[in-house]
$ cat target_21.cif   # mmCIF, C-alpha atoms and all ligand atoms
data_input
#
loop_
_atom_site.label_atom_id
_atom_site.label_comp_id
_atom_site.auth_asym_id
_atom_site.auth_seq_id
_atom_site.Cartn_x
_atom_site.Cartn_y
_atom_site.Cartn_z
CA MET A 1 9.59 -13.14 -22.04
CA VAL A 2 8.86 -14.56 -18.61
CA ILE A 3 8.26 -11.93 -15.96
CA MET A 4 9.71 -13.06 -12.64
CA SER A 5 7.00 -11.71 -10.43
CA THR A 6 6.14 -14.47 -8.00
CA ILE A 7 7.61 -14.64 -4.56
CA GLU A 8 8.92 -18.16 -5.28
CA ASN A 9 11.26 -16.50 -7.75
CA ILE A 10 12.75 -14.13 -5.22
CA PRO A 11 15.91 -15.73 -3.86
CA ASP A 12 16.39 -15.82 -0.08
CA ARG A 13 12.96 -14.38 0.53
CA GLN A 14 10.95 -17.56 1.07
CA GLY A 15 9.42 -17.58 4.53
CA ILE A 16 10.06 -13.89 5.12
CA PHE A 17 6.33 -13.09 4.98
CA GLN A 18 5.29 -15.86 7.33
CA GLY A 19 3.77 -14.50 10.51
CA ARG A 20 3.89 -10.88 9.31
CA GLU A 21 1.12 -8.33 9.39
CA ILE A 22 0.92 -5.89 6.51
CA VAL A 23 -1.54 -3.04 6.09
CA VAL A 24 -2.09 -2.11 2.44
CA GLY A 25 -3.50 1.36 1.78
CA VAL A 26 -5.00 1.66 -1.70
CA CYS A 27 -5.51 5.12 -3.23
CA GLY A 28 -7.41 6.29 -6.28
CA GLY A 29 -5.31 5.61 -9.34
CA ILE A 30 -5.56 3.25 -12.31
CA ALA A 31 -2.76 1.12 -10.86
CA ALA A 32 -5.11 0.08 -8.03
CA TYR A 33 -5.95 -3.02 -10.09
CA LYS A 34 -2.35 -4.20 -9.81
CA VAL A 35 -2.58 -4.06 -6.04
CA ALA A 36 -5.00 -6.99 -6.14
CA ASP A 37 -2.05 -9.07 -7.33
CA VAL A 38 0.20 -7.69 -4.59
CA VAL A 39 -2.38 -8.55 -1.92
CA SER A 40 -2.91 -12.03 -3.33
CA LYS A 41 0.82 -12.77 -3.43
CA LEU A 42 1.38 -11.46 0.10
CA VAL A 43 -1.41 -13.71 1.39
CA GLN A 44 -0.10 -16.70 -0.60
CA SER A 45 3.29 -16.07 0.99
CA GLY A 46 1.90 -16.30 4.51
CA ALA A 47 1.34 -12.67 5.47
CA GLY A 48 -1.79 -11.40 7.17
CA VAL A 49 -3.04 -8.52 5.04
CA THR A 50 -5.51 -5.82 6.04
CA VAL A 51 -6.56 -3.58 3.17
CA CYS A 52 -7.70 0.03 3.60
CA MET A 53 -9.10 2.05 0.69
CA THR A 54 -9.82 5.69 0.05
CA ALA A 55 -13.18 6.70 -1.36
CA GLU A 56 -11.54 7.36 -4.73
CA ALA A 57 -9.78 3.99 -4.75
CA GLN A 58 -13.20 2.37 -4.69
CA ARG A 59 -13.95 3.95 -8.07
CA PHE A 60 -11.13 1.89 -9.57
CA ILE A 61 -11.41 -1.46 -7.77
CA THR A 62 -14.06 -2.84 -5.46
CA PRO A 63 -13.53 -3.59 -1.78
CA LEU A 64 -15.12 -6.98 -2.52
CA THR A 65 -12.17 -8.00 -4.71
CA LEU A 66 -9.63 -7.09 -2.04
CA GLU A 67 -11.76 -8.59 0.70
CA ALA A 68 -11.91 -11.88 -1.18
CA LEU A 69 -8.15 -11.88 -1.85
CA SER A 70 -7.13 -10.86 1.67
CA GLY A 71 -9.79 -12.93 3.46
CA ARG A 72 -10.45 -9.96 5.71
CA ALA A 73 -12.84 -7.05 5.90
CA VAL A 74 -11.61 -4.06 3.91
CA ARG A 75 -11.48 -0.80 5.82
CA THR A 76 -12.87 2.23 4.05
CA GLN A 77 -14.02 4.51 6.86
CA MET A 78 -12.27 6.18 9.77
CA PHE A 79 -15.27 5.81 12.00
CA ASP A 80 -16.62 2.28 11.75
CA LEU A 81 -18.20 2.42 15.18
CA MET A 82 -20.31 -0.61 14.51
CA ASP A 83 -17.62 -3.28 14.43
CA SER A 84 -14.57 -1.85 16.10
CA SER A 85 -13.36 -0.73 19.48
CA ASP A 86 -10.85 1.49 17.62
CA PRO A 87 -13.05 3.71 15.50
CA GLN A 88 -10.16 5.44 13.76
CA HIS A 89 -8.27 2.14 13.22
CA ILE A 90 -5.02 3.77 14.32
CA GLY A 91 -4.25 0.51 16.12
CA LEU A 92 -3.91 -1.25 12.78
CA THR A 93 -0.33 -0.06 12.36
CA GLU A 94 0.55 -0.93 15.95
CA ARG A 95 -0.03 -4.56 15.05
CA ALA A 96 1.62 -4.30 11.63
CA ASP A 97 5.17 -4.85 10.38
CA LEU A 98 4.64 -2.51 7.43
CA LEU A 99 2.18 -0.06 5.94
CA LEU A 100 2.33 -0.28 2.14
CA VAL A 101 0.59 2.57 0.29
CA ALA A 102 -0.06 1.44 -3.30
CA PRO A 103 -0.81 3.10 -5.53
CA ALA A 104 0.24 6.26 -3.73
CA THR A 105 -1.42 9.13 -5.59
CA ALA A 106 -0.05 12.66 -5.89
CA HIS A 107 -2.98 13.65 -3.69
CA ASN A 108 -2.07 11.12 -1.00
CA LEU A 109 1.61 12.12 -1.04
CA ALA A 110 0.61 15.78 -0.71
CA LYS A 111 -1.65 15.04 2.23
CA ALA A 112 0.90 12.79 3.93
CA ALA A 113 3.69 15.35 3.44
CA HIS A 114 1.57 17.94 5.19
CA GLY A 115 0.38 15.77 8.03
CA MET A 116 -3.19 15.83 6.85
CA CYS A 117 -5.46 13.10 8.16
CA ASP A 118 -8.89 13.45 6.60
CA ASP A 119 -9.17 9.92 5.24
CA LEU A 120 -8.27 6.55 6.70
CA ILE A 121 -4.99 6.12 4.80
CA SER A 122 -3.57 9.58 5.45
CA LEU A 123 -4.58 9.14 9.07
CA LEU A 124 -2.75 5.80 9.29
CA ILE A 125 0.38 7.30 7.69
CA CYS A 126 0.43 10.20 10.13
CA ALA A 127 -0.16 7.92 13.11
CA SER A 128 1.93 5.02 11.83
CA ALA A 129 3.71 2.90 14.41
CA CYS A 130 5.43 0.84 11.69
CA PRO A 131 7.56 1.70 8.63
CA VAL A 132 5.68 3.16 5.66
CA LEU A 133 6.48 2.18 2.07
CA PHE A 134 4.98 4.26 -0.76
CA ALA A 135 4.57 2.85 -4.28
CA PRO A 136 3.62 5.98 -6.24
CA ALA A 137 1.78 5.92 -9.55
CA MET A 138 0.75 8.94 -11.54
CA ASN A 139 1.04 10.90 -14.76
CA ASN A 140 4.62 11.90 -15.56
CA ARG A 141 3.89 15.63 -15.23
CA MET A 142 2.31 15.03 -11.82
CA TRP A 143 5.40 13.07 -10.72
CA GLU A 144 7.76 15.75 -12.06
CA ASN A 145 5.72 18.62 -10.66
CA PRO A 146 7.99 20.57 -8.26
CA ILE A 147 5.34 20.36 -5.57
CA THR A 148 5.23 16.56 -5.80
CA ARG A 149 9.05 16.51 -5.77
CA GLN A 150 9.01 18.55 -2.54
CA ASN A 151 6.37 16.29 -1.02
CA VAL A 152 8.40 13.18 -1.80
CA LYS A 153 11.52 14.77 -0.32
CA LYS A 154 9.63 15.72 2.82
CA LEU A 155 8.33 12.18 3.21
CA ARG A 156 11.79 10.67 2.62
CA ASP A 157 13.31 13.11 5.11
CA ALA A 158 10.65 12.05 7.61
CA GLY A 159 11.93 8.48 7.30
CA HIS A 160 9.40 7.01 4.91
CA PHE A 161 10.39 4.64 2.10
CA PHE A 162 9.65 4.59 -1.64
CA ILE A 163 9.60 1.92 -4.33
CA GLY A 164 9.39 3.38 -7.83
CA PRO A 165 7.79 4.82 -9.77
CA GLU A 166 9.39 3.55 -12.94
CA ASP A 167 9.65 4.89 -16.45
CA GLY A 168 7.24 3.35 -18.92
CA TRP A 169 3.81 3.32 -20.43
CA LEU A 170 1.33 5.33 -18.36
CA ALA A 171 -2.44 4.97 -18.26
CA CYS A 172 -2.73 8.48 -19.71
CA ARG A 173 -0.96 7.06 -22.80
CA ASN A 174 2.22 9.02 -22.11
CA VAL A 175 5.56 7.33 -21.70
CA GLY A 176 7.72 8.58 -18.85
CA PRO A 177 8.26 8.39 -15.10
CA GLY A 178 5.18 7.62 -13.00
CA ARG A 179 4.40 3.96 -13.67
CA MET A 180 3.85 2.02 -10.47
CA SER A 181 6.46 -0.69 -9.88
CA GLU A 182 5.31 -4.16 -10.86
CA PRO A 183 3.90 -6.38 -8.10
CA GLY A 184 7.05 -8.55 -8.02
CA THR A 185 9.23 -5.48 -7.51
CA ILE A 186 6.95 -4.22 -4.73
CA LEU A 187 7.07 -7.63 -3.06
CA GLU A 188 10.84 -7.59 -3.24
CA ALA A 189 10.92 -4.17 -1.56
CA VAL A 190 8.52 -5.34 1.14
CA ALA A 191 10.60 -8.47 1.69
CA GLY A 192 13.76 -6.39 2.01
CA MET A 193 12.18 -4.14 4.60
CA LEU A 194 10.82 -7.09 6.57
CA ALA A 195 14.25 -8.73 6.53
CA GLU A 196 15.80 -5.56 7.92
CA ARG A 197 13.13 -5.39 10.59
CA GLY A 198 14.20 -8.82 11.85
CA PRO A 199 12.15 -11.90 12.61
CA ALA A 200 8.44 -11.67 13.26
CA THR A 201 7.98 -11.02 16.94
CA THR A 202 4.35 -11.98 17.23
CA GLN A 203 2.40 -14.91 16.00
CA ASN A 204 -0.10 -13.48 13.60
CA PRO A 205 -3.31 -15.13 12.52
CA SER A 206 -2.28 -15.23 8.86
CA ALA A 207 -2.71 -18.96 8.70
CA ASN A 208 -6.34 -18.21 9.40
CA PRO A 209 -7.22 -15.51 6.91
CA SER A 210 -10.68 -15.06 8.36
CA ALA A 211 -9.16 -14.02 11.68
CA LYS A 212 -10.68 -10.81 12.92
CA ILE A 213 -8.50 -7.71 13.11
CA PRO A 214 -10.53 -5.12 15.01
C1 LIG A 301 -9.21 7.93 -14.68
C2 LIG A 301 -8.40 8.56 -13.59
C3 LIG A 301 -7.15 8.06 -13.30
C4 LIG A 301 -6.37 8.64 -12.31
N1 LIG A 301 -5.15 8.12 -12.06
C5 LIG A 301 -4.37 8.71 -11.13
C6 LIG A 301 -3.08 8.21 -10.88
O1 LIG A 301 -2.63 7.22 -11.49
N2 LIG A 301 -2.32 8.83 -9.96
C7 LIG A 301 -2.75 9.93 -9.28
O2 LIG A 301 -2.00 10.46 -8.47
N3 LIG A 301 -4.01 10.40 -9.47
C8 LIG A 301 -4.81 9.82 -10.38
N4 LIG A 301 -6.08 10.32 -10.59
C9 LIG A 301 -6.56 11.42 -9.75
C10 LIG A 301 -6.99 10.90 -8.39
O3 LIG A 301 -7.99 9.91 -8.54
C11 LIG A 301 -7.50 12.06 -7.52
O4 LIG A 301 -6.45 12.96 -7.28
C12 LIG A 301 -8.10 11.58 -6.22
O5 LIG A 301 -8.54 12.71 -5.50
C13 LIG A 301 -7.12 10.78 -5.38
O6 LIG A 301 -7.74 10.47 -4.15
P1 LIG A 301 -7.01 9.63 -3.01
O7 LIG A 301 -5.57 10.01 -3.02
O8 LIG A 301 -7.73 10.06 -1.77
O9 LIG A 301 -7.28 8.19 -3.30
C14 LIG A 301 -6.87 9.74 -11.58
C15 LIG A 301 -8.14 10.24 -11.87
C16 LIG A 301 -8.89 9.66 -12.86
C17 LIG A 301 -10.26 10.21 -13.14
#
$ encode --input "target_21.cif" --output "structure tokens"
Amino acid sequence: MVIMSTIENIPDRQGIFQGREIVVGVCGGIAAYKVADVVSKLVQSGAGVTVCMTAEAQRFITPLTLEALSGRAVRTQMFDLMDSSDPQHIGLTERADLLLVAPATAHNLAKAAHGMCDDLISLLICASACPVLFAPAMNNRMWENPITRQNVKKLRDAGHFFIGPEDGWLACRNVGPGRMSEPGTILEAVAGMLAERGPATTQNPSANPSAKIP
């Protein structure tokens, strides 16, 4: 079976990523490895991608991998005083068309739903100047936990967007809801949101992936 997961296979979406800025927030779940593919495909499609990672995300995938794929420095700290005039990096979402959180852990959803800001990604969500799209991934009992359900509802009610999770094989070897959507499905959701947002208003430096985003 051929899995239609490349952006070339998404009808009417070609060119939609050109000139767009996307911030990808990676949290600490097994599905973090799949986000490498999402980042690569976004960059191949013409988007400028800035990756941020939680401390736990770095246990699952290295910043080096995402730095190589995005062509940009990966942000892991709120207070990178050395190389930025915006130590908290809040400005990242002011220059972005979308903040994609993938995988969004139960922990991240809980923090975001309660306005907590003690890591770079939860801070960016709370301070976001652009739409936020969560791609959750977790054990089925975590996803079905009433507290997670409430957190998701709160985030939806606050105007945030979700893609997945889907039913299927989970890393914990259970089968059920909690599997992160496949990269092609996430790209389709991103493309749909960008299309709704209208044409890119600013020229971004995506053609030059080494361009510096402070
Ligand atoms: C092997 C392993 C896999 C995990 N996978 C997930 C997961 O898929 N989803 C999830 O919500 N938490 C998962 N966790 C728990 C998170 O890593 C943990 O809650 C962490 O604090 C999340 O931090 P973050 O949200 O700041 O990245 C996993 C933990 C381990 C040890």
$ residues_around --input "target_21.cif" --residues "Val39 (chain A)" --least-positions-apart "6" --cutoff "8 Å" --atoms "only C-alpha atoms" --output "list of chain:residue names"
A:Val24, A:Val49, A:Leu66, A:Leu69, A:Ser70
$ closest_residue --input "target_21.cif" --among "A:Ala57, A:Leu42, A:Ala158, A:Met193" --to "ligand LIG 301 (chain A)" --atoms "all atoms listed in the file"
A:Ala57
$ atom_distance --input "target_21.cif" --atom1 "atom N3 of ligand LIG 301 (chain A)" --atom2 "CA of Ile90 (chain A)"
24.7 Å
$ residues_near_ligand --input "target_21.cif" --ligand "ligand LIG 301 (chain A)" --cutoff "6 Å" --atoms "only C-alpha atoms and all ligand atoms" --output "short mmCIF file (atom, residue, chain, number, x, y, z; two decimals) with C-alpha atoms, in the frame of the given file"
data_model
loop_
_atom_site.label_atom_id
_atom_site.label_comp_id
_atom_site.auth_asym_id
_atom_site.auth_seq_id
_atom_site.Cartn_x
_atom_site.Cartn_y
_atom_site.Cartn_z
CA CYS A 27 -5.51 5.12 -3.23
CA GLY A 28 -7.41 6.29 -6.28
CA GLY A 29 -5.31 5.61 -9.34
CA ILE A 30 -5.56 3.25 -12.31
CA THR A 54 -9.82 5.69 0.05
CA GLU A 56 -11.54 7.36 -4.73
CA ALA A 57 -9.78 3.99 -4.75
CA THR A 105 -1.42 9.13 -5.59
CA ALA A 106 -0.05 12.66 -5.89
CA HIS A 107 -2.98 13.65 -3.69
CA ASN A 108 -2.07 11.12 -1.00
CA ALA A 137 1.78 5.92 -9.55
CA MET A 138 0.75 8.94 -11.54
#
$ closest_residue --input "target_21.cif" --among "A:Arg95, A:Gln18, A:Phe79, A:Asp86" --to "Thr50 (chain A)" --atoms "only C-alpha atoms"
A:Arg95
$ residues_near_point --input "target_21.cif" --point "(-1.5, 2.5, -19.6)" --cutoff "12 Å" --atoms "all atoms listed in the file" --output "compact mmCIF listing (two decimals) with C-alpha atoms, in the coordinates of the input"
# COMPACT_ATOMS: atom_id res chain seq x y z
CA GLY A 29 -5.31 5.61 -9.34
CA ILE A 30 -5.56 3.25 -12.31
CA ALA A 31 -2.76 1.12 -10.86
CA TYR A 33 -5.95 -3.02 -10.09
CA LYS A 34 -2.35 -4.20 -9.81
CA ALA A 137 1.78 5.92 -9.55
CA MET A 138 0.75 8.94 -11.54
CA ASN A 139 1.04 10.90 -14.76
CA ASN A 140 4.62 11.90 -15.56
CA ASP A 167 9.65 4.89 -16.45
CA GLY A 168 7.24 3.35 -18.92
CA TRP A 169 3.81 3.32 -20.43
CA LEU A 170 1.33 5.33 -18.36
CA ALA A 171 -2.44 4.97 -18.26
CA CYS A 172 -2.73 8.48 -19.71
CA ARG A 173 -0.96 7.06 -22.80
CA ASN A 174 2.22 9.02 -22.11
CA VAL A 175 5.56 7.33 -21.70
CA GLY A 176 7.72 8.58 -18.85
CA GLY A 178 5.18 7.62 -13.00
CA ARG A 179 4.40 3.96 -13.67
CA MET A 180 3.85 2.02 -10.47
